[in-house]
Structure formats: C-alpha cells, structure tokens
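Worksheet: the structure to be examined is printed underneath.
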Amino acid sequence: MSADQQVFHEHRNLLFSVAYRVLGSAADAEDAVQDAWIKWSAADRSQVADPKAYLARIVSNLALERLRSTRHKRETYIGPWLPEPILTSGDTVGTADTADTVTDAESVSMAMLVVLETLSPLERAVFVLKEVFGFSHAEIAEAVERSEAAVRQAAHRAREHVQARRPRFTADRSRQREVTEQFFAAATGGDINTLMELLSPDVTLWTDGGGKVRQALRPVVGAQTVASWFAAIGTVTYQGVEPADMRAELVEINGGPGILFSAPDRVIATVTFGFDSDGRITTIHNVANPDKLRAVADGTAHDVRRR
C-alpha cells in the first residue's frame, strides 16, 4: 500500500461517518467515499497540510452534491422515507455512557437521521460538520463553497430546528437494551400484554416499504394498534415467508439495539426504537424496502465514531 493509500485508508471510517450522516444512505455514502478517493488520487498532495481535514472537506462537498441530486427522489417516495439502516460495531453499545459514546450513537440513530431529513441539504451538511464533527465555520465554508456568514446562518437555523425536534428524554443505554430484549421476546412470543406495557400510549410506528413491499403508507399510532401489529409476527405470512421460516435476532443497528428479521434467503426488515426517560418505547422505525437493506444484508458492521 502506497503512502497516499495508507493516509486515505486511515481516514476512511471518518469519511464514511461524515457522508452517511449527511446522506442517510449507506450506498450513497460509499459512493461519496469512492469519489473522494478519486479526487484525492488526482490532487497535488504535496500542498495538503492536513490530510484529515482536506479529505473531510472533499467528502462533505461530494455528499452535499449527492444529497441535492437525490432530493426529488425522496420527495416523490411512496410512503414514509426512512434512512437506510446499517449495522454498527459494538463500540457504542454495552460500553459506559460516556459523553462521547452517547453522542456517537445519538448522532447516527434512526431518530436523529429522520430529524436531519427535515433540513435543507446545506443545513444538514453544516449541522453534521459543526455539531457532530466539530469543524469550524471557516472549514465548513470551504467544504460547502459558501461564505462564512452563510454557514453561520445555516448552522444557527439547523441547530434550532434540530433542538426543537430531537427526542428530548432518552433512557440510559443499558435500559434501552433491556427493553429491546423484552420487546423481542414479547413480539416473537405473541405476548400482546407485555408489548402494551413496553409501549408509550402514543407510540408511533413508521414503516418504509418504498412501494416494493406492502407496508403502512402512514404512521401507525397508539399502543394497542402497534402491539397488535407486532404480536402477529409469529402467526402471519409476511412477504411470502411463513412464520416457521422467519428468523429474528437482536443486533446493533445505527448505534443502538435493534431487531433484524430474515428469511432463509434474504433480509426482510429492520426494527429500531426510540425511548422516553422511563424506558418506554415512543417511536419504532421499520425498514422493509429491499433496496435499503443491502448494507445490513452484507453483514458489515460500521465504525461510525466521530474520531
């Protein structure tokens, strides 16, 4: 491996982490990282004083361009558009709740990525670079090719927008894991009463089938309805898969505990959760669009820490 390849390889996880948070799509993030490699290979690297900052700027700009070009596709999507889930490495679950591990996990969670979807492409890129990765306004201005004043304005708008919409009260991470395990046992066992106890009364289930598989086109709201939905898992044929052929397992998805449903020949769906301060489930994100399950299906666990 050449010195230039070594430098790029050292920062590859960081580049994916930036691009994925900006795009909410693992496939698009990987494409942005590949394009960053092409630009890095062609650059006059003797003029690059700080390769890490330089590469982060390149991939941010590429991700922003890609986000703008895919915007229309998301606006005309059938049903709710949810981010593409990824498996994440165990560095963020099961460790102590340090400020870093909590921030790493929250910034890549389904709940946060859904909030980021409501920002403009520029606001999203600026928010990710400033609030998650700690870049200066001057560095971000260079990355997104805007004035520093414009970046400051976008950062302010994005921060206010996210703070108004992000989940406010989240149970500690060991409690999240415990509740997910209880939910898993209750759902696979058809125990509707336990499911009701674990769900907030106004829990909301968002399902994303993208028009490729049959899913709810609107949010499903209320503990009774959501509990009934999941209690039926062990008794109904889903996407042509008999209950006896359906496998469910607990995995780490987007920095938190989640459930992966598989048939013998393919991944069927992922389920992730949002919690209140008491550990009750307030939000469920269910991704079943097969186009969005490729990153999970290939089994790669991503390191999405911010360092």
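Letters for chains follow the order of the structure tokens (A, B, ...), residue numbers begin at 1 for each chain, and ligand numbers begin at 1 in the order shown.
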
Report task. Skip Pro219 in chain A itself and residues of its chain fewer than 2 positions away, then list as a PyMOL selection string all residues within 12 Å of it, counting only C-alpha atoms. Result -> chain A and resi 79-82+202-208+215-217+221-222+225-226+283-286

Per DSSP on the backbone, what are the helix (DSSP H, G or I) residues of range 104-301 of chain A, as an mmCIF file with N, CA, C and O atoms, in the first residue's frame?
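That gives us states.cif:
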```
data_model
loop_
_atom_site.group_PDB
_atom_site.id
_atom_site.type_symbol
_atom_site.label_atom_id
_atom_site.label_comp_id
_atom_site.auth_asym_id
_atom_site.auth_seq_id
_atom_site.Cartn_x
_atom_site.Cartn_y
_atom_site.Cartn_z
ATOM 1 N N ASP A 104 -21.922 9.756 19.865
ATOM 2 C CA ASP A 104 -21.693 8.930 18.672
ATOM 3 C C ASP A 104 -22.966 8.195 18.284
ATOM 4 O O ASP A 104 -23.376 8.193 17.126
ATOM 5 N N ALA A 105 -23.582 7.537 19.264
ATOM 6 C CA ALA A 105 -24.765 6.725 18.996
ATOM 7 C C ALA A 105 -25.954 7.589 18.601
ATOM 8 O O ALA A 105 -26.665 7.286 17.637
ATOM 9 N N GLU A 106 -26.170 8.686 19.342
ATOM 10 C CA GLU A 106 -27.340 9.522 19.040
ATOM 11 C C GLU A 106 -27.234 10.144 17.653
ATOM 12 O O GLU A 106 -28.208 10.226 16.909
ATOM 13 N N SER A 107 -26.024 10.561 17.265
ATOM 14 C CA SER A 107 -25.873 11.289 16.004
ATOM 15 C C SER A 107 -26.059 10.399 14.786
ATOM 16 O O SER A 107 -26.224 10.901 13.676
ATOM 17 N N MET A 110 -31.510 6.291 14.100
ATOM 18 C CA MET A 110 -32.611 6.499 13.151
ATOM 19 C C MET A 110 -33.390 7.771 13.497
ATOM 20 O O MET A 110 -33.755 8.548 12.616
ATOM 21 N N ALA A 111 -33.632 7.971 14.785
ATOM 22 C CA ALA A 111 -34.414 9.135 15.206
ATOM 23 C C ALA A 111 -33.743 10.429 14.766
ATOM 24 O O ALA A 111 -34.397 11.346 14.244
ATOM 25 N N MET A 112 -32.406 10.515 14.951
ATOM 26 C CA MET A 112 -31.708 11.739 14.554
ATOM 27 C C MET A 112 -31.658 11.881 13.035
ATOM 28 O O MET A 112 -31.870 12.978 12.490
ATOM 29 N N LEU A 113 -31.398 10.792 12.331
ATOM 30 C CA LEU A 113 -31.339 10.869 10.870
ATOM 31 C C LEU A 113 -32.688 11.278 10.287
ATOM 32 O O LEU A 113 -32.742 11.993 9.275
ATOM 33 N N VAL A 114 -33.775 10.852 10.910
ATOM 34 C CA VAL A 114 -35.110 11.262 10.457
ATOM 35 C C VAL A 114 -35.291 12.770 10.655
ATOM 36 O O VAL A 114 -35.828 13.470 9.791
ATOM 37 N N VAL A 115 -34.814 13.295 11.788
ATOM 38 C CA VAL A 115 -34.877 14.743 12.011
ATOM 39 C C VAL A 115 -34.027 15.482 10.973
ATOM 40 O O VAL A 115 -34.448 16.509 10.421
ATOM 41 N N LEU A 116 -32.835 14.962 10.681
ATOM 42 C CA LEU A 116 -31.954 15.614 9.710
ATOM 43 C C LEU A 116 -32.584 15.657 8.319
ATOM 44 O O LEU A 116 -32.278 16.547 7.515
ATOM 45 N N PRO A 121 -30.550 20.570 2.293
ATOM 46 C CA PRO A 121 -29.245 19.909 2.126
ATOM 47 C C PRO A 121 -28.085 20.695 2.743
ATOM 48 O O PRO A 121 -27.225 20.130 3.418
ATOM 49 N N LEU A 122 -28.060 22.018 2.535
ATOM 50 C CA LEU A 122 -26.976 22.830 3.098
ATOM 51 C C LEU A 122 -27.011 22.801 4.622
ATOM 52 O O LEU A 122 -25.975 22.604 5.279
ATOM 53 N N GLU A 123 -28.192 22.992 5.199
ATOM 54 C CA GLU A 123 -28.310 22.984 6.660
ATOM 55 C C GLU A 123 -27.865 21.641 7.237
ATOM 56 O O GLU A 123 -27.193 21.592 8.266
ATOM 57 N N ARG A 124 -28.227 20.576 6.551
ATOM 58 C CA ARG A 124 -27.861 19.244 7.042
ATOM 59 C C ARG A 124 -26.344 19.051 7.043
ATOM 60 O O ARG A 124 -25.774 18.591 8.029
ATOM 61 N N ALA A 125 -25.712 19.401 5.938
ATOM 62 C CA ALA A 125 -24.257 19.253 5.852
ATOM 63 C C ALA A 125 -23.566 20.115 6.907
ATOM 64 O O ALA A 125 -22.634 19.658 7.592
ATOM 65 N N VAL A 126 -24.020 21.338 7.063
ATOM 66 C CA VAL A 126 -23.421 22.250 8.039
ATOM 67 C C VAL A 126 -23.626 21.714 9.456
ATOM 68 O O VAL A 126 -22.698 21.725 10.277
ATOM 69 N N PHE A 127 -24.825 21.243 9.759
ATOM 70 C CA PHE A 127 -25.102 20.716 11.100
ATOM 71 C C PHE A 127 -24.193 19.533 11.421
ATOM 72 O O PHE A 127 -23.604 19.455 12.501
ATOM 73 N N VAL A 128 -24.096 18.601 10.483
ATOM 74 C CA VAL A 128 -23.264 17.410 10.710
ATOM 75 C C VAL A 128 -21.812 17.805 10.948
ATOM 76 O O VAL A 128 -21.168 17.329 11.891
ATOM 77 N N LEU A 129 -21.290 18.686 10.114
ATOM 78 C CA LEU A 129 -19.873 19.073 10.227
ATOM 79 C C LEU A 129 -19.604 19.875 11.501
ATOM 80 O O LEU A 129 -18.580 19.686 12.159
ATOM 81 N N LYS A 130 -20.548 20.745 11.884
ATOM 82 C CA LYS A 130 -20.325 21.610 13.058
ATOM 83 C C LYS A 130 -20.663 20.898 14.360
ATOM 84 O O LYS A 130 -19.838 20.828 15.281
ATOM 85 N N GLU A 131 -21.877 20.373 14.437
ATOM 86 C CA GLU A 131 -22.365 19.847 15.716
ATOM 87 C C GLU A 131 -21.860 18.440 16.018
ATOM 88 O O GLU A 131 -21.687 18.081 17.177
ATOM 89 N N VAL A 132 -21.659 17.639 14.973
ATOM 90 C CA VAL A 132 -21.221 16.252 15.206
ATOM 91 C C VAL A 132 -19.704 16.136 15.154
ATOM 92 O O VAL A 132 -19.093 15.509 16.014
ATOM 93 N N HIS A 137 -16.494 27.134 11.466
ATOM 94 C CA HIS A 137 -17.307 27.724 10.397
ATOM 95 C C HIS A 137 -16.458 27.975 9.153
ATOM 96 O O HIS A 137 -16.938 27.809 8.027
ATOM 97 N N ALA A 138 -15.202 28.372 9.350
ATOM 98 C CA ALA A 138 -14.316 28.644 8.201
ATOM 99 C C ALA A 138 -14.037 27.364 7.413
ATOM 100 O O ALA A 138 -14.065 27.371 6.168
ATOM 101 N N GLU A 139 -13.787 26.274 8.120
ATOM 102 C CA GLU A 139 -13.537 24.989 7.447
ATOM 103 C C GLU A 139 -14.781 24.517 6.682
ATOM 104 O O GLU A 139 -14.683 24.018 5.564
ATOM 105 N N ILE A 140 -15.940 24.701 7.308
ATOM 106 C CA ILE A 140 -17.185 24.275 6.663
ATOM 107 C C ILE A 140 -17.466 25.130 5.429
ATOM 108 O O ILE A 140 -17.891 24.624 4.388
ATOM 109 N N ALA A 141 -17.204 26.426 5.536
ATOM 110 C CA ALA A 141 -17.425 27.333 4.400
ATOM 111 C C ALA A 141 -16.620 26.871 3.191
ATOM 112 O O ALA A 141 -17.121 26.872 2.054
ATOM 113 N N GLU A 142 -15.390 26.437 3.433
ATOM 114 C CA GLU A 142 -14.552 25.940 2.334
ATOM 115 C C GLU A 142 -15.124 24.643 1.771
ATOM 116 O O GLU A 142 -15.150 24.429 0.560
ATOM 117 N N ALA A 143 -15.620 23.774 2.658
ATOM 118 C CA ALA A 143 -16.140 22.470 2.219
ATOM 119 C C ALA A 143 -17.399 22.607 1.374
ATOM 120 O O ALA A 143 -17.566 21.914 0.376
ATOM 121 N N VAL A 144 -18.305 23.498 1.789
ATOM 122 C CA VAL A 144 -19.600 23.600 1.097
ATOM 123 C C VAL A 144 -19.628 24.748 0.093
ATOM 124 O O VAL A 144 -20.673 25.016 -0.514
ATOM 125 N N GLU A 148 -18.534 32.351 4.977
ATOM 126 C CA GLU A 148 -18.585 32.002 6.396
ATOM 127 C C GLU A 148 -19.874 32.514 7.037
ATOM 128 O O GLU A 148 -20.468 31.849 7.896
ATOM 129 N N ALA A 149 -20.318 33.698 6.605
ATOM 130 C CA ALA A 149 -21.562 34.267 7.148
ATOM 131 C C ALA A 149 -22.757 33.368 6.813
ATOM 132 O O ALA A 149 -23.631 33.120 7.663
ATOM 133 N N ALA A 150 -22.792 32.861 5.575
ATOM 134 C CA ALA A 150 -23.897 31.968 5.170
ATOM 135 C C ALA A 150 -23.873 30.677 5.978
ATOM 136 O O ALA A 150 -24.924 30.150 6.355
ATOM 137 N N VAL A 151 -22.672 30.195 6.251
ATOM 138 C CA VAL A 151 -22.539 28.965 7.042
ATOM 139 C C VAL A 151 -23.005 29.195 8.476
ATOM 140 O O VAL A 151 -23.696 28.350 9.058
ATOM 141 N N ARG A 152 -22.646 30.330 9.043
ATOM 142 C CA ARG A 152 -23.089 30.635 10.410
ATOM 143 C C ARG A 152 -24.620 30.690 10.489
ATOM 144 O O ARG A 152 -25.224 30.184 11.434
ATOM 145 N N GLN A 153 -25.234 31.309 9.492
ATOM 146 C CA GLN A 153 -26.699 31.398 9.462
ATOM 147 C C GLN A 153 -27.322 30.003 9.340
ATOM 148 O O GLN A 153 -28.280 29.671 10.044
ATOM 149 N N ALA A 154 -26.778 29.193 8.434
ATOM 150 C CA ALA A 154 -27.300 27.838 8.240
ATOM 151 C C ALA A 154 -27.127 27.009 9.503
ATOM 152 O O ALA A 154 -28.011 26.232 9.888
ATOM 153 N N ALA A 155 -25.986 27.170 10.173
ATOM 154 C CA ALA A 155 -25.715 26.414 11.410
ATOM 155 C C ALA A 155 -26.726 26.797 12.494
ATOM 156 O O ALA A 155 -27.245 25.934 13.217
ATOM 157 N N HIS A 156 -27.008 28.098 12.593
ATOM 158 C CA HIS A 156 -27.957 28.574 13.600
ATOM 159 C C HIS A 156 -29.363 28.028 13.323
ATOM 160 O O HIS A 156 -30.026 27.508 14.231
ATOM 161 N N ARG A 157 -29.800 28.115 12.058
ATOM 162 C CA ARG A 157 -31.128 27.607 11.688
ATOM 163 C C ARG A 157 -31.226 26.104 11.956
ATOM 164 O O ARG A 157 -32.209 25.617 12.513
ATOM 165 N N ALA A 158 -30.195 25.374 11.553
ATOM 166 C CA ALA A 158 -30.224 23.921 11.694
ATOM 167 C C ALA A 158 -30.241 23.510 13.163
ATOM 168 O O ALA A 158 -30.989 22.608 13.557
ATOM 169 N N ARG A 159 -29.433 24.186 13.986
ATOM 170 C CA ARG A 159 -29.363 23.842 15.406
ATOM 171 C C ARG A 159 -30.716 24.064 16.078
ATOM 172 O O ARG A 159 -31.197 23.213 16.829
ATOM 173 N N GLU A 160 -31.351 25.195 15.781
ATOM 174 C CA GLU A 160 -32.673 25.478 16.367
ATOM 175 C C GLU A 160 -33.703 24.449 15.906
ATOM 176 O O GLU A 160 -34.516 23.961 16.709
ATOM 177 N N HIS A 161 -33.666 24.127 14.638
ATOM 178 C CA HIS A 161 -34.606 23.172 14.051
ATOM 179 C C HIS A 161 -34.448 21.787 14.694
ATOM 180 O O HIS A 161 -35.433 21.156 15.087
ATOM 181 N N VAL A 162 -33.215 21.335 14.807
ATOM 182 C CA VAL A 162 -32.962 20.002 15.373
ATOM 183 C C VAL A 162 -33.322 19.967 16.851
ATOM 184 O O VAL A 162 -33.944 19.012 17.332
ATOM 185 N N GLN A 163 -32.954 21.013 17.588
ATOM 186 C CA GLN A 163 -33.252 21.028 19.026
ATOM 187 C C GLN A 163 -34.754 20.985 19.289
ATOM 188 O O GLN A 163 -35.210 20.405 20.275
ATOM 189 N N ALA A 164 -35.526 21.574 18.390
ATOM 190 C CA ALA A 164 -36.987 21.577 18.559
ATOM 191 C C ALA A 164 -37.602 20.216 18.262
ATOM 192 O O ALA A 164 -38.697 19.909 18.748
ATOM 193 N N ARG A 165 -36.900 19.378 17.502
ATOM 194 C CA ARG A 165 -37.494 18.120 17.042
ATOM 195 C C ARG A 165 -36.819 16.862 17.560
ATOM 196 O O ARG A 165 -37.396 15.782 17.473
ATOM 197 N N ARG A 173 -28.563 3.650 28.202
ATOM 198 C CA ARG A 173 -28.392 2.671 27.145
ATOM 199 C C ARG A 173 -28.578 1.228 27.618
ATOM 200 O O ARG A 173 -29.061 0.382 26.865
ATOM 201 N N SER A 174 -28.255 0.946 28.866
ATOM 202 C CA SER A 174 -28.500 -0.416 29.359
ATOM 203 C C SER A 174 -30.001 -0.679 29.461
ATOM 204 O O SER A 174 -30.481 -1.780 29.186
ATOM 205 N N ARG A 175 -30.752 0.354 29.827
ATOM 206 C CA ARG A 175 -32.216 0.233 29.886
ATOM 207 C C ARG A 175 -32.794 0.037 28.480
ATOM 208 O O ARG A 175 -33.711 -0.764 28.276
ATOM 209 N N GLN A 176 -32.258 0.749 27.500
ATOM 210 C CA GLN A 176 -32.713 0.571 26.119
ATOM 211 C C GLN A 176 -32.516 -0.878 25.671
ATOM 212 O O GLN A 176 -33.390 -1.466 25.036
ATOM 213 N N ARG A 177 -31.362 -1.418 25.995
ATOM 214 C CA ARG A 177 -31.059 -2.799 25.613
ATOM 215 C C ARG A 177 -32.034 -3.766 26.297
ATOM 216 O O ARG A 177 -32.581 -4.675 25.660
ATOM 217 N N GLU A 178 -32.283 -3.529 27.568
ATOM 218 C CA GLU A 178 -33.181 -4.399 28.343
ATOM 219 C C GLU A 178 -34.599 -4.375 27.762
ATOM 220 O O GLU A 178 -35.232 -5.428 27.573
ATOM 221 N N VAL A 179 -35.096 -3.177 27.447
ATOM 222 C CA VAL A 179 -36.456 -3.045 26.898
ATOM 223 C C VAL A 179 -36.536 -3.686 25.512
ATOM 224 O O VAL A 179 -37.527 -4.357 25.184
ATOM 225 N N THR A 180 -35.491 -3.509 24.709
ATOM 226 C CA THR A 180 -35.476 -4.123 23.380
ATOM 227 C C THR A 180 -35.534 -5.647 23.490
ATOM 228 O O THR A 180 -36.251 -6.309 22.729
ATOM 229 N N GLU A 181 -34.785 -6.204 24.435
ATOM 230 C CA GLU A 181 -34.811 -7.656 24.635
ATOM 231 C C GLU A 181 -36.204 -8.128 25.060
ATOM 232 O O GLU A 181 -36.693 -9.161 24.606
ATOM 233 N N GLN A 182 -36.846 -7.342 25.937
ATOM 234 C CA GLN A 182 -38.201 -7.701 26.375
ATOM 235 C C GLN A 182 -39.189 -7.605 25.213
ATOM 236 O O GLN A 182 -40.066 -8.469 25.064
ATOM 237 N N PHE A 183 -39.042 -6.565 24.402
ATOM 238 C CA PHE A 183 -39.900 -6.396 23.232
ATOM 239 C C PHE A 183 -39.709 -7.568 22.264
ATOM 240 O O PHE A 183 -40.679 -8.122 21.743
ATOM 241 N N PHE A 184 -38.465 -7.926 22.035
ATOM 242 C CA PHE A 184 -38.109 -9.035 21.144
ATOM 243 C C PHE A 184 -38.795 -10.322 21.600
ATOM 244 O O PHE A 184 -39.440 -11.019 20.817
ATOM 245 N N ALA A 185 -38.699 -10.621 22.896
ATOM 246 C CA ALA A 185 -39.305 -11.841 23.438
ATOM 247 C C ALA A 185 -40.828 -11.792 23.338
ATOM 248 O O ALA A 185 -41.474 -12.787 22.972
ATOM 249 N N ALA A 186 -41.400 -10.626 23.623
ATOM 250 C CA ALA A 186 -42.864 -10.494 23.592
ATOM 251 C C ALA A 186 -43.401 -10.575 22.167
ATOM 252 O O ALA A 186 -44.432 -11.216 21.907
ATOM 253 N N ALA A 187 -42.699 -9.935 21.218
ATOM 254 C CA ALA A 187 -43.164 -9.937 19.825
ATOM 255 C C ALA A 187 -43.067 -11.334 19.228
ATOM 256 O O ALA A 187 -44.013 -11.817 18.588
ATOM 257 N N THR A 188 -41.941 -12.000 19.428
ATOM 258 C CA THR A 188 -41.772 -13.334 18.845
ATOM 259 C C THR A 188 -42.623 -14.370 19.569
ATOM 260 O O THR A 188 -42.941 -15.414 19.003
ATOM 261 N N GLY A 189 -43.032 -14.041 20.784
ATOM 262 C CA GLY A 189 -43.892 -14.960 21.539
ATOM 263 C C GLY A 189 -45.367 -14.610 21.469
ATOM 264 O O GLY A 189 -46.207 -15.279 22.070
ATOM 265 N N ILE A 192 -49.097 -9.941 23.706
ATOM 266 C CA ILE A 192 -49.580 -8.573 23.472
ATOM 267 C C ILE A 192 -49.611 -7.747 24.756
ATOM 268 O O ILE A 192 -49.370 -6.534 24.738
ATOM 269 N N ASN A 193 -49.852 -8.392 25.895
ATOM 270 C CA ASN A 193 -49.923 -7.646 27.162
ATOM 271 C C ASN A 193 -48.571 -7.042 27.539
ATOM 272 O O ASN A 193 -48.488 -5.886 27.958
ATOM 273 N N THR A 194 -47.505 -7.831 27.378
ATOM 274 C CA THR A 194 -46.161 -7.306 27.662
ATOM 275 C C THR A 194 -45.802 -6.209 26.674
ATOM 276 O O THR A 194 -45.222 -5.186 27.049
ATOM 277 N N LEU A 195 -46.156 -6.397 25.411
ATOM 278 C CA LEU A 195 -45.895 -5.357 24.417
ATOM 279 C C LEU A 195 -46.576 -4.048 24.816
ATOM 280 O O LEU A 195 -45.976 -2.971 24.730
ATOM 281 N N MET A 196 -47.813 -4.141 25.273
ATOM 282 C CA MET A 196 -48.559 -2.943 25.693
ATOM 283 C C MET A 196 -47.833 -2.223 26.836
ATOM 284 O O MET A 196 -47.789 -0.998 26.887
ATOM 285 N N GLU A 197 -47.262 -3.010 27.748
ATOM 286 C CA GLU A 197 -46.558 -2.412 28.891
ATOM 287 C C GLU A 197 -45.278 -1.694 28.459
ATOM 288 O O GLU A 197 -44.853 -0.718 29.084
ATOM 289 N N LEU A 198 -44.649 -2.186 27.396
ATOM 290 C CA LEU A 198 -43.376 -1.622 26.956
ATOM 291 C C LEU A 198 -43.554 -0.377 26.088
ATOM 292 O O LEU A 198 -42.625 0.414 25.930
ATOM 293 N N ALA A 223 -50.619 2.452 21.332
ATOM 294 C CA ALA A 223 -50.044 1.216 21.866
ATOM 295 C C ALA A 223 -50.829 -0.026 21.435
ATOM 296 O O ALA A 223 -50.231 -1.058 21.083
ATOM 297 N N GLN A 224 -52.143 0.043 21.457
ATOM 298 C CA GLN A 224 -52.959 -1.127 21.127
ATOM 299 C C GLN A 224 -52.715 -1.584 19.683
ATOM 300 O O GLN A 224 -52.477 -2.768 19.418
ATOM 301 N N THR A 225 -52.762 -0.638 18.758
ATOM 302 C CA THR A 225 -52.589 -0.968 17.341
ATOM 303 C C THR A 225 -51.181 -1.482 17.058
ATOM 304 O O THR A 225 -50.991 -2.476 16.350
ATOM 305 N N VAL A 226 -50.173 -0.800 17.617
ATOM 306 C CA VAL A 226 -48.782 -1.189 17.381
ATOM 307 C C VAL A 226 -48.485 -2.543 18.026
ATOM 308 O O VAL A 226 -47.819 -3.398 17.430
ATOM 309 N N ALA A 227 -49.012 -2.764 19.229
ATOM 310 C CA ALA A 227 -48.789 -4.048 19.905
ATOM 311 C C ALA A 227 -49.425 -5.187 19.099
ATOM 312 O O ALA A 227 -48.824 -6.257 18.948
ATOM 313 N N SER A 228 -50.616 -4.959 18.576
ATOM 314 C CA SER A 228 -51.289 -5.991 17.778
ATOM 315 C C SER A 228 -50.484 -6.320 16.523
ATOM 316 O O SER A 228 -50.375 -7.484 16.119
ATOM 317 N N TRP A 229 -49.916 -5.290 15.903
ATOM 318 C CA TRP A 229 -49.096 -5.441 14.701
ATOM 319 C C TRP A 229 -47.940 -6.400 14.977
ATOM 320 O O TRP A 229 -47.695 -7.351 14.239
ATOM 321 N N PHE A 230 -47.220 -6.146 16.075
ATOM 322 C CA PHE A 230 -46.028 -6.956 16.358
ATOM 323 C C PHE A 230 -46.360 -8.313 16.981
ATOM 324 O O PHE A 230 -45.630 -9.284 16.786
ATOM 325 N N ALA A 231 -47.471 -8.393 17.705
ATOM 326 C CA ALA A 231 -47.841 -9.677 18.317
ATOM 327 C C ALA A 231 -48.204 -10.718 17.264
ATOM 328 O O ALA A 231 -48.144 -11.922 17.515
ATOM 329 N N PRO A 243 -44.259 -18.105 8.984
ATOM 330 C CA PRO A 243 -43.718 -17.824 10.322
ATOM 331 C C PRO A 243 -42.584 -18.780 10.724
ATOM 332 O O PRO A 243 -41.600 -18.357 11.333
ATOM 333 N N ALA A 244 -42.711 -20.051 10.362
ATOM 334 C CA ALA A 244 -41.689 -21.037 10.741
ATOM 335 C C ALA A 244 -40.345 -20.763 10.065
ATOM 336 O O ALA A 244 -39.295 -21.190 10.561
ATOM 337 N N ASP A 245 -40.379 -20.036 8.935
ATOM 338 C CA ASP A 245 -39.140 -19.751 8.189
ATOM 339 C C ASP A 245 -38.560 -18.373 8.510
ATOM 340 O O ASP A 245 -37.513 -17.997 7.982
ATOM 341 N N PRO A 290 -36.448 -3.557 0.205
ATOM 342 C CA PRO A 290 -35.241 -4.369 -0.026
ATOM 343 C C PRO A 290 -34.051 -3.565 -0.536
ATOM 344 O O PRO A 290 -32.907 -3.918 -0.256
ATOM 345 N N ASP A 291 -34.315 -2.465 -1.240
ATOM 346 C CA ASP A 291 -33.222 -1.619 -1.735
ATOM 347 C C ASP A 291 -32.438 -0.977 -0.591
ATOM 348 O O ASP A 291 -31.271 -0.611 -0.760
ATOM 349 N N LYS A 292 -33.103 -0.842 0.568
ATOM 350 C CA LYS A 292 -32.446 -0.194 1.703
ATOM 351 C C LYS A 292 -31.855 -1.198 2.702
ATOM 352 O O LYS A 292 -31.356 -0.792 3.752
ATOM 353 N N ARG A 294 -29.567 -3.603 1.783
ATOM 354 C CA ARG A 294 -28.340 -4.217 1.252
ATOM 355 C C ARG A 294 -27.166 -4.058 2.201
ATOM 356 O O ARG A 294 -26.355 -4.966 2.363
ATOM 357 N N ALA A 295 -27.049 -2.892 2.828
ATOM 358 C CA ALA A 295 -25.922 -2.658 3.743
ATOM 359 C C ALA A 295 -26.004 -3.588 4.953
ATOM 360 O O ALA A 295 -24.992 -4.093 5.436
ATOM 361 N N VAL A 296 -27.218 -3.826 5.428
ATOM 362 C CA VAL A 296 -27.411 -4.750 6.550
ATOM 363 C C VAL A 296 -27.178 -6.188 6.093
ATOM 364 O O VAL A 296 -26.550 -6.986 6.782
ATOM 365 N N ALA A 297 -27.665 -6.508 4.889
ATOM 366 C CA ALA A 297 -27.570 -7.876 4.383
ATOM 367 C C ALA A 297 -26.129 -8.325 4.169
ATOM 368 O O ALA A 297 -25.816 -9.505 4.312
#
```

Requested in this report: Mind listing the strand (DSSP E or B) residues of range 127-288 of chain A, per DSSP on the backbone, as a PyMOL selection string?
Outcome: chain A and resi 199-208+220-221+238+241+247-253+256-263+266-275+281-287

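Distances from A:Leu87, A:Ile268, A:Val22, A:Val108 to Arg305 in chain A were compared using only C-alpha atoms, and the smallest one belongs to A:Val108.
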